[in-house]
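Heads up, upload-v6.txt below (compact mmCIF, C-alpha atoms):
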```txt
# COMPACT_ATOMS: atom_id res chain seq x y z
CA MET A 12 27.02 -138.84 -80.43
CA HIS A 13 27.86 -141.75 -82.68
CA HIS A 14 28.72 -141.92 -86.34
CA GLN A 15 25.79 -141.03 -88.58
CA ARG A 16 25.41 -140.66 -92.31
CA GLU A 17 24.08 -137.36 -93.58
CA PRO A 18 24.60 -137.36 -97.36
CA ILE A 19 24.05 -134.02 -99.04
CA ASP A 20 25.03 -135.07 -102.54
CA PRO A 21 24.66 -138.43 -104.24
CA ARG A 22 27.67 -140.60 -104.93
CA PRO A 23 28.74 -140.97 -108.55
CA GLU A 24 26.19 -143.18 -110.29
CA GLN A 25 28.87 -145.28 -112.00
CA PRO A 26 31.50 -147.22 -110.08
CA ASP A 27 35.17 -146.62 -110.78
CA SER A 28 36.14 -148.12 -114.09
CA GLY A 29 38.33 -151.16 -113.64
CA GLU A 30 36.97 -151.87 -110.17
CA SER A 31 37.15 -155.59 -109.49
CA SER A 32 33.73 -157.21 -109.63
CA GLY A 33 34.12 -158.58 -106.11
CA ALA A 34 35.01 -155.27 -104.46
CA ALA A 35 32.71 -154.03 -101.73
CA PRO A 36 30.95 -150.65 -102.20
CA SER A 37 32.40 -147.50 -100.65
CA ASP A 38 30.11 -147.84 -97.63
CA SER A 39 31.41 -151.36 -97.00
CA SER A 40 30.94 -153.27 -93.78
CA ALA A 41 34.63 -152.75 -92.99
CA ARG A 42 34.29 -148.97 -93.25
CA THR A 43 31.10 -149.04 -91.21
CA SER A 44 32.84 -151.04 -88.47
CA LEU A 45 35.65 -148.49 -88.26
CA LEU A 46 33.40 -145.43 -88.09
CA LYS A 47 30.32 -146.59 -86.23
CA THR A 48 31.38 -145.50 -82.73
CA LEU A 49 32.99 -142.19 -83.69
CA PRO A 50 31.38 -138.90 -82.55
CA VAL A 51 30.95 -137.68 -86.13
CA ILE A 52 28.51 -137.40 -88.96
CA GLU A 53 29.48 -138.38 -92.48
CA ARG A 54 28.44 -136.44 -95.54
CA ARG A 55 29.40 -136.06 -99.18
CA ILE A 56 30.43 -132.77 -100.79
CA GLN A 57 31.33 -131.99 -104.39
CA LEU A 58 34.72 -130.23 -104.33
CA ALA A 59 36.77 -129.27 -107.40
CA GLY A 60 35.77 -132.30 -109.43
CA VAL A 61 35.98 -134.71 -106.48
CA SER A 62 32.96 -136.31 -104.85
CA THR A 63 34.35 -136.11 -101.32
CA ALA A 64 33.38 -138.08 -98.21
CA VAL A 65 33.87 -136.00 -95.05
CA LEU A 66 33.61 -136.84 -91.36
CA GLU A 67 32.65 -133.95 -89.06
CA GLY A 68 32.16 -133.74 -85.33
CA GLY A 69 32.65 -131.66 -82.20
CA GLU A 70 32.36 -127.94 -81.54
CA GLY A 71 34.94 -125.19 -81.27
CA ARG A 72 37.80 -123.96 -83.41
CA PRO A 73 37.96 -126.02 -86.61
CA VAL A 74 40.71 -128.57 -87.21
CA VAL A 75 41.13 -130.22 -90.63
CA LEU A 76 42.94 -133.59 -90.65
CA LEU A 77 44.53 -134.80 -93.91
CA HIS A 78 45.69 -138.43 -94.09
CA GLY A 79 48.50 -140.02 -96.09
CA PRO A 80 48.79 -142.48 -99.01
CA TYR A 81 47.02 -145.85 -98.91
CA ALA A 82 44.90 -144.42 -96.10
CA ASN A 83 41.53 -142.77 -95.45
CA ALA A 84 39.76 -140.72 -92.79
CA ALA A 85 39.47 -143.79 -90.55
CA HIS A 86 43.24 -143.72 -89.99
CA PHE A 87 42.47 -140.86 -87.55
CA MET A 88 39.71 -142.85 -85.84
CA ARG A 89 41.56 -143.17 -82.52
CA VAL A 90 42.49 -139.46 -82.51
CA ILE A 91 39.12 -137.95 -83.43
CA PRO A 92 37.36 -138.48 -80.05
CA ALA A 93 40.01 -136.57 -78.07
CA LEU A 94 40.15 -133.71 -80.56
CA SER A 95 36.40 -133.39 -81.00
CA ALA A 96 35.91 -132.80 -77.26
CA ASN A 97 37.09 -129.19 -77.75
CA HIS A 98 37.33 -128.64 -81.50
CA ARG A 99 35.26 -128.89 -84.63
CA VAL A 100 37.01 -131.75 -86.44
CA ILE A 101 36.81 -132.15 -90.22
CA VAL A 102 38.34 -135.30 -91.71
CA PRO A 103 37.98 -135.90 -95.46
CA ASP A 104 38.93 -138.91 -97.51
CA LEU A 105 41.53 -137.42 -99.85
CA PRO A 106 40.81 -137.48 -103.60
CA GLY A 107 40.72 -141.04 -104.89
CA HIS A 108 41.02 -142.47 -101.36
CA GLY A 109 38.42 -144.03 -99.10
CA ALA A 110 34.95 -143.11 -100.36
CA SER A 111 36.11 -140.02 -102.29
CA HIS A 112 35.99 -140.32 -106.08
CA VAL A 113 37.62 -138.12 -108.71
CA VAL A 114 34.76 -137.29 -111.05
CA ARG A 115 36.72 -135.14 -113.49
CA GLY A 116 40.22 -133.84 -114.08
CA GLU A 117 43.70 -134.87 -112.97
CA LEU A 118 45.24 -134.58 -109.52
CA ASP A 119 48.01 -132.04 -109.82
CA VAL A 120 49.17 -129.37 -107.37
CA GLU A 121 46.70 -126.75 -108.57
CA SER A 122 43.61 -128.98 -108.59
CA THR A 123 44.47 -130.53 -105.23
CA LEU A 124 44.98 -127.15 -103.56
CA ARG A 125 41.72 -125.96 -105.13
CA TRP A 126 40.02 -129.05 -103.64
CA LEU A 127 41.44 -128.23 -100.20
CA GLY A 128 40.40 -124.58 -100.47
CA GLU A 129 36.83 -125.55 -101.31
CA LEU A 130 36.81 -128.05 -98.43
CA ILE A 131 37.78 -125.32 -95.97
CA GLU A 132 35.28 -122.90 -97.46
CA GLN A 133 32.39 -125.36 -97.19
CA THR A 134 33.14 -126.90 -93.79
CA CYS A 135 34.83 -124.21 -91.67
CA THR A 136 33.18 -121.10 -90.26
CA SER A 137 36.57 -119.66 -89.29
CA ARG A 138 40.17 -120.25 -90.28
CA PRO A 139 41.10 -123.82 -89.32
CA ALA A 140 44.19 -125.46 -87.98
CA LEU A 141 45.41 -127.53 -90.92
CA VAL A 142 46.94 -130.87 -89.87
CA GLY A 143 48.58 -133.04 -92.51
CA HIS A 144 50.15 -136.50 -92.31
CA LEU A 145 52.66 -137.78 -94.92
CA PHE A 146 51.45 -136.52 -98.29
CA GLY A 147 48.53 -134.86 -96.52
CA GLY A 148 51.27 -132.82 -94.84
CA ALA A 149 52.91 -131.94 -98.16
CA MET A 150 49.51 -130.81 -99.42
CA ALA A 151 48.92 -128.74 -96.26
CA ALA A 152 52.37 -127.13 -96.47
CA ARG A 153 51.87 -126.17 -100.12
CA PHE A 154 48.46 -124.72 -99.24
CA ALA A 155 49.99 -122.67 -96.41
CA ILE A 156 52.63 -121.35 -98.81
CA GLU A 157 50.10 -120.20 -101.41
CA ARG A 158 47.02 -119.45 -99.31
CA GLY A 159 48.25 -119.09 -95.75
CA GLN A 160 45.73 -116.35 -95.01
CA GLU A 161 43.01 -119.02 -95.08
CA VAL A 162 44.42 -121.09 -92.20
CA ALA A 163 45.14 -120.26 -88.56
CA ARG A 164 47.80 -122.88 -87.88
CA LEU A 165 49.77 -125.61 -89.64
CA VAL A 166 50.75 -128.95 -88.09
CA LEU A 167 52.86 -131.41 -90.10
CA ILE A 168 53.00 -135.04 -88.97
CA ASN A 169 55.89 -137.08 -90.45
CA THR A 170 55.28 -134.99 -93.51
CA LEU A 171 56.58 -135.46 -97.00
CA GLY A 172 57.91 -132.42 -98.81
CA LEU A 173 60.71 -131.37 -96.44
CA SER A 174 63.11 -133.51 -98.48
CA GLU A 175 63.05 -135.91 -101.41
CA PHE A 176 61.08 -139.03 -100.48
CA ARG A 177 63.75 -141.73 -100.06
CA PRO A 178 62.51 -144.57 -97.86
CA SER A 179 64.87 -147.35 -96.86
CA PRO A 180 65.29 -149.94 -99.65
CA GLN A 181 63.30 -152.57 -97.74
CA PHE A 182 60.49 -150.10 -97.06
CA ALA A 183 60.45 -149.06 -100.73
CA ASP A 184 60.27 -152.71 -101.82
CA ALA A 185 57.36 -153.35 -99.44
CA MET A 186 55.45 -150.32 -100.80
CA THR A 187 56.00 -151.45 -104.39
CA GLU A 188 54.93 -155.00 -103.63
CA PHE A 189 51.76 -153.82 -101.87
CA ALA A 190 50.91 -151.41 -104.69
CA ASP A 191 51.35 -154.18 -107.28
CA ALA A 192 49.49 -156.89 -105.35
CA PRO A 193 47.43 -155.77 -102.32
CA THR A 194 46.98 -158.88 -100.18
CA GLU A 195 46.95 -159.56 -96.46
CA ARG A 196 50.56 -160.71 -96.72
CA THR A 197 51.81 -157.60 -98.56
CA HIS A 198 49.72 -155.32 -96.32
CA ARG A 199 51.30 -156.74 -93.18
CA SER A 200 54.73 -156.66 -94.79
CA LEU A 201 54.23 -152.95 -95.50
CA TRP A 202 53.04 -152.28 -91.96
CA GLN A 203 56.18 -153.91 -90.57
CA TYR A 204 57.83 -150.67 -91.73
CA CYS A 205 54.96 -148.24 -91.07
CA ALA A 206 54.70 -149.40 -87.45
CA TYR A 207 57.36 -149.54 -84.78
CA ASP A 208 55.86 -152.70 -83.29
CA LEU A 209 53.24 -154.33 -85.52
CA PRO A 210 52.31 -157.20 -83.15
CA MET A 211 51.73 -154.67 -80.36
CA LEU A 212 49.71 -152.43 -82.69
CA ARG A 213 47.47 -155.33 -83.70
CA GLN A 214 46.99 -156.21 -80.06
CA GLN A 215 46.11 -152.61 -79.15
CA MET A 216 43.61 -152.31 -82.00
CA GLY A 217 41.97 -155.60 -81.07
CA PRO A 218 38.82 -156.20 -83.12
CA LEU A 219 39.44 -153.02 -85.15
CA TRP A 220 42.50 -154.48 -86.87
CA GLU A 221 40.50 -156.83 -89.10
CA PRO A 222 38.21 -154.15 -90.63
CA PHE A 223 41.17 -151.72 -90.73
CA GLU A 224 43.14 -154.16 -92.87
CA ALA A 225 40.09 -155.17 -94.92
CA TYR A 226 39.23 -151.58 -95.82
CA ASN A 227 42.84 -150.70 -96.62
CA LEU A 228 42.93 -153.68 -98.98
CA GLU A 229 39.54 -152.87 -100.52
CA ARG A 230 40.63 -149.38 -101.42
CA ALA A 231 44.14 -150.39 -102.50
CA ARG A 232 42.51 -152.69 -105.06
CA SER A 233 40.19 -149.95 -106.33
CA ALA A 234 40.77 -148.20 -109.64
CA SER A 235 40.24 -144.79 -107.99
CA GLN A 236 43.04 -145.17 -105.45
CA ARG A 237 45.39 -146.91 -107.89
CA ALA A 238 45.03 -143.89 -110.17
CA ALA A 239 45.25 -141.30 -107.40
CA ILE A 240 48.40 -142.51 -105.63
CA PRO A 241 50.93 -141.85 -108.43
CA GLN A 242 49.28 -138.54 -109.31
CA LEU A 243 49.49 -137.24 -105.74
CA MET A 244 52.94 -138.70 -105.09
CA SER A 245 54.27 -137.05 -108.25
CA PHE A 246 54.37 -133.75 -106.38
CA ALA A 247 54.09 -134.81 -102.72
CA ALA A 248 57.30 -136.86 -102.89
CA SER A 249 59.32 -133.92 -104.20
CA ALA A 250 61.15 -131.59 -101.88
CA ILE A 251 59.47 -128.21 -101.49
CA PRO A 252 62.14 -125.55 -102.13
CA PRO A 253 63.42 -124.05 -98.84
CA ALA A 254 62.64 -120.56 -100.12
CA ASP A 255 58.99 -121.61 -100.49
CA LEU A 256 58.86 -123.18 -97.02
CA ALA A 257 60.26 -119.93 -95.65
CA ARG A 258 57.17 -118.19 -97.07
CA ILE A 259 54.94 -119.99 -94.55
CA THR A 260 53.89 -117.27 -92.12
CA VAL A 261 51.23 -119.09 -90.09
CA PRO A 262 52.36 -120.68 -86.81
CA THR A 263 53.72 -124.11 -87.71
CA ALA A 264 54.65 -127.16 -85.66
CA LEU A 265 56.10 -130.59 -86.48
CA ILE A 266 55.09 -133.90 -84.91
CA TRP A 267 57.29 -136.89 -85.72
CA GLY A 268 57.50 -140.60 -84.99
CA ARG A 269 61.02 -141.12 -83.69
CA HIS A 270 61.74 -144.18 -85.84
CA ASP A 271 60.41 -143.03 -89.24
CA LEU A 272 62.10 -145.19 -91.91
CA ALA A 273 60.94 -143.02 -94.83
CA THR A 274 61.65 -139.45 -93.67
CA PRO A 275 64.06 -139.69 -90.73
CA LEU A 276 63.72 -137.57 -87.63
CA THR A 277 66.91 -135.74 -88.62
CA ILE A 278 64.95 -134.14 -91.49
CA ALA A 279 62.39 -132.79 -89.03
CA GLU A 280 65.11 -131.60 -86.67
CA ALA A 281 66.81 -129.70 -89.49
CA ALA A 282 63.50 -128.08 -90.55
CA SER A 283 62.71 -127.18 -86.94
CA ALA A 284 66.07 -125.46 -86.55
CA ARG A 285 65.91 -123.71 -89.93
CA TYR A 286 62.36 -122.35 -89.75
CA GLY A 287 61.84 -122.14 -86.00
CA TRP A 288 59.03 -124.70 -86.01
CA PRO A 289 58.54 -126.49 -82.67
CA LEU A 290 59.11 -130.25 -82.94
CA HIS A 291 57.24 -132.84 -80.87
CA VAL A 292 58.65 -136.38 -81.00
CA ILE A 293 56.35 -139.39 -80.58
CA GLU A 294 58.13 -142.34 -78.99
CA LYS A 295 57.70 -145.93 -80.19
CA ALA A 296 56.34 -144.79 -83.54
CA ASN A 297 57.58 -145.00 -87.12
CA ASP A 298 55.81 -142.90 -89.77
CA ASP A 299 52.18 -143.43 -88.69
CA PRO A 300 51.56 -141.97 -85.20
CA PRO A 301 47.80 -141.46 -85.88
CA VAL A 302 47.37 -145.24 -86.04
CA GLU A 303 50.20 -146.46 -83.83
CA GLN A 304 50.31 -143.90 -81.01
CA PRO A 305 46.95 -142.09 -81.13
CA GLU A 306 46.94 -141.03 -77.47
CA ALA A 307 50.41 -139.50 -77.67
CA LEU A 308 49.57 -137.83 -80.98
CA ALA A 309 46.30 -136.40 -79.64
CA LYS A 310 48.15 -135.05 -76.60
CA ALA A 311 50.76 -133.38 -78.82
CA LEU A 312 48.10 -131.97 -81.14
CA LEU A 313 46.07 -130.54 -78.29
CA LEU A 314 49.21 -128.97 -76.84
CA VAL A 315 50.08 -127.39 -80.21
CA LEU A 316 46.52 -126.16 -80.72
CA ARG A 317 46.35 -124.74 -77.20
CA ASP A 318 49.67 -122.96 -77.65
CA GLY A 319 48.37 -121.62 -80.96
CA ASP A 320 45.28 -120.24 -79.26
CA ALA A 321 47.42 -118.64 -76.54
CA SER A 322 49.70 -117.07 -79.14
CA ALA A 323 46.70 -115.76 -81.07
CA ASN A 324 45.25 -114.24 -77.90
CA GLN A 325 48.61 -112.68 -77.07
CA ARG A 326 48.89 -111.16 -80.56
CA SER A 327 45.32 -109.90 -80.23
CA ASN A 328 46.14 -108.27 -76.87
CA VAL A 329 49.24 -106.62 -78.36
CA VAL A 330 47.21 -105.20 -81.24
CA ARG A 331 44.49 -104.03 -78.85
CA ASN A 332 47.01 -102.39 -76.49
CA GLN A 333 48.75 -100.67 -79.38
CA SER A 334 45.41 -99.41 -80.65
CA GLU A 335 44.44 -98.10 -77.22
CA GLY A 336 47.83 -96.46 -76.81
CA ALA A 337 47.38 -94.59 -80.08
CA ARG A 338 44.16 -92.95 -78.92
```
Translate this structure into structure tokens?
Amino acid sequence: MHHQREPIDPRPEQPDSGESSGAAPSDSSARTSLLKTLPVIERRIQLAGVSTAVLEGGEGRPVVLLHGPYANAAHFMRVIPALSANHRVIVPDLPGHGASHVVRGELDVESTLRWLGELIEQTCTSRPALVGHLFGGAMAARFAIERGQEVARLVLINTLGLSEFRPSPQFADAMTEFADAPTERTHRSLWQYCAYDLPMLRQQMGPLWEPFEAYNLERARSASQRAAIPQLMSFAASAIPPADLARITVPTALIWGRHDLATPLTIAEAASARYGWPLHVIEKANDDPPVEQPEALAKALLLVLRDGDASANQRSNVVRNQSEGAR
């Protein structure tokens, strides 16, 4: 099955205020090029004041994938096919990103977690595995702290929130320059730090690199994303108190690019040791394994999800045996 559009709600009638007159619409040719071969449908759902674009595909236990800043659902495009072979995959554009527009309200912790709760309620028939990358991970972790009973498993990929966000000075400069002036030059300068080997990544992506870069630039220039980034980073870049992280009771795993220049692997190792969360390290990756090492990431995710299913079955058998023993 290939990518199809199945809108259930209209997009906002008015474009984002401040949108440059030359910007392409949300369903731009670049976005279409990135999604057209994926085994998903695309629809729009109104969630907590956000007109949200969602990709859905596959059958089985639900898995929700949350991307990071300056990204969109297409950043998981090379992971979705492997996951959707055995799972129901739900991939939204986060508020203000991709084709998702904030219709009303501000993006704070409460409204963002409400958005995520409504997403799960409207797209999942059972408790999903919640997978978050970068500030999608910080959002997922905060959701698991407050509403862990609504998810079956938590997977954090190079997540923010385990410590204060303190990228290397050069990385920080590249992010600031791209935010101030999104151009091909500043985009590639930023990706020199996001990727372990940018020339190799561009070679691997082949014809997908051009629309990938074009859509990233289109959205980085949009008023919606420019407004959303600082609002989401205002809480995602802060360290979640250890006492709160200790409140996460759902099975949790970490997946980390070995060469992350923003949140070093040592942060993940410390969290793994402190909370007992298994850690899977992705080689030849910085902070963006979904884009740079999709096969290795998909393999790690499937392993984590399979182990989660086995643990759930084991717990179920223990409960059943205890119940039978009490008769």
Inset, instruction - Measuring atom to atom with only C-alpha atoms, identify which of A:Ala110, A:Ala59, A:Val162, A:Leu312 is nearest to Arg42 in chain A. - result: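 Closest residue, counting only C-alpha atoms: A:Ala110.
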Inset, instruction - For each of A:Val74, A:Ala82, A:Ala163, A:Leu58, take the minimum atom-to-atom distance to Val142 in chain A, counting only C-alpha atoms, then give the residue where this is smallest. - result: A:Val74
Legend entry - Residue among A:Arg285, A:Arg213, A:Arg196, A:Arg158 lying closest to Ile259 in chain A, counting only C-alpha atoms: A:Arg158
Inset, instruction - Have a look at A:Tyr204, A:Arg317, A:Tyr226, A:Pro241 and name the one nearest to Asn97 in chain A; count only C-alpha atoms. - result: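 Once distances to Asn97 in chain A are computed over only C-alpha atoms, the minimum belongs to A:Arg317.
The list of residues with at least one atom within 6 Å of range 295-311 of chain A, based on all atoms listed in the file and without residues fewer than 4 positions apart in the same chain, reads A:His86, A:Phe87, A:Arg89, A:Val90, A:Asn169, A:Cys205, A:Ala206, A:Tyr207, A:Gly268, A:Arg269, A:His270, A:Asp271.
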Legend entry - Top pick for closest residue to Leu124 in chain A, considering A:Leu228, A:Leu272, A:Ala183, A:Ala247 and counting all atoms listed in the file: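 Of A:Leu228, A:Leu272, A:Ala183, A:Ala247, the one nearest Leu124 in chain A is A:Ala247, counting all atoms listed in the file.
Distance-wise, CA of Arg153 in chain A and CA of Leu314 in chain A end up 23.6 Å apart.
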Please, what is the axis-aligned box for every listed atom of range 197-215 of chain A with 6 Å on each side, as centre and edge lengths in Å to one decimal, as AutoDock Vina command-line options?
```
--center_x 52.0 --center_y -152.9 --center_z -88.9 --size_x 23.7 --size_y 21.4 --size_z 31.4
```
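The residue that comes closest to Ala64 in chain A, out of A:Leu313, A:Val261, A:Cys135, A:Val102 and on the basis of all atoms listed in the file, is A:Val102.
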Inset, instruction - Fewer than 2 positions away in the same chain doesn't count, so skip those; otherwise give me all residues within 12 Å of Tyr81 in chain A, counting all atoms listed in the file, as a PyMOL selection string. - result: chain A and resi 78-79+83-86+104-109+144-147+186-187+189-190+193+198+201-202+205+223-224+226-233+235-241+243-244+299
Inset, instruction - Tell me, as a VMD selection string, which residues lie within 9 Å of Thr136 in chain A, counting only C-alpha atoms; anything in the same chain fewer than 5 positions away does not count. - result: chain A and resid 72 to 73 131
Inset, instruction - In Å, rounded to a single decimal, give me how far CA of Leu290 in chain A is from CA of Gln160 in chain A. - result: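 About the pair CA of Gln160 in chain A and CA of Leu290 in chain A: they are 22.8 Å apart.
When CA of His112 in chain A is paired with CA of Lys47 in chain A, their separation reads 21.6 Å.
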Using all atoms listed in the file, tabulate the residues of range 105-209 of chain A lying at most 9 Å from any atom of range 277-284 of chain A, each with its closest atom pair and that distance in Å to one decimal, by chain and increasing residue number, as CSV.
```
residue,atom,partner,partner_atom,distance
A:Asn169,CA,A:Ala279,CA,7.9
A:Thr170,CA,A:Ala279,CA,8.7
A:Leu173,CA,A:Ile278,CA,7.1
A:Ser174,CA,A:Ile278,CA,7.3
```
Sphere at (53.7, -127.2, -90.7), radius 9 Å, counting only C-alpha atoms: residues as a short mmCIF file (atom, residue, chain, number, x, y, z; two decimals) with C-alpha atoms, in the frame of the given file:
```cif
data_model
loop_
_atom_site.label_atom_id
_atom_site.label_comp_id
_atom_site.auth_asym_id
_atom_site.auth_seq_id
_atom_site.Cartn_x
_atom_site.Cartn_y
_atom_site.Cartn_z
CA LEU A 141 45.41 -127.53 -90.92
CA VAL A 142 46.94 -130.87 -89.87
CA GLY A 143 48.58 -133.04 -92.51
CA GLY A 148 51.27 -132.82 -94.84
CA ALA A 149 52.91 -131.94 -98.16
CA ALA A 151 48.92 -128.74 -96.26
CA ALA A 152 52.37 -127.13 -96.47
CA ALA A 155 49.99 -122.67 -96.41
CA ARG A 164 47.80 -122.88 -87.88
CA LEU A 165 49.77 -125.61 -89.64
CA VAL A 166 50.75 -128.95 -88.09
CA LEU A 167 52.86 -131.41 -90.10
CA ILE A 168 53.00 -135.04 -88.97
CA THR A 170 55.28 -134.99 -93.51
CA ILE A 259 54.94 -119.99 -94.55
CA VAL A 261 51.23 -119.09 -90.09
CA PRO A 262 52.36 -120.68 -86.81
CA THR A 263 53.72 -124.11 -87.71
CA ALA A 264 54.65 -127.16 -85.66
CA LEU A 265 56.10 -130.59 -86.48
CA ILE A 266 55.09 -133.90 -84.91
CA TRP A 288 59.03 -124.70 -86.01
#
```
Legend entry - Within 9 Å of file point (34.8, -133.1, -79.3), counting only C-alpha atoms, expressed as an NGL selection string: :A and (50 or 68-71 or 91-100)
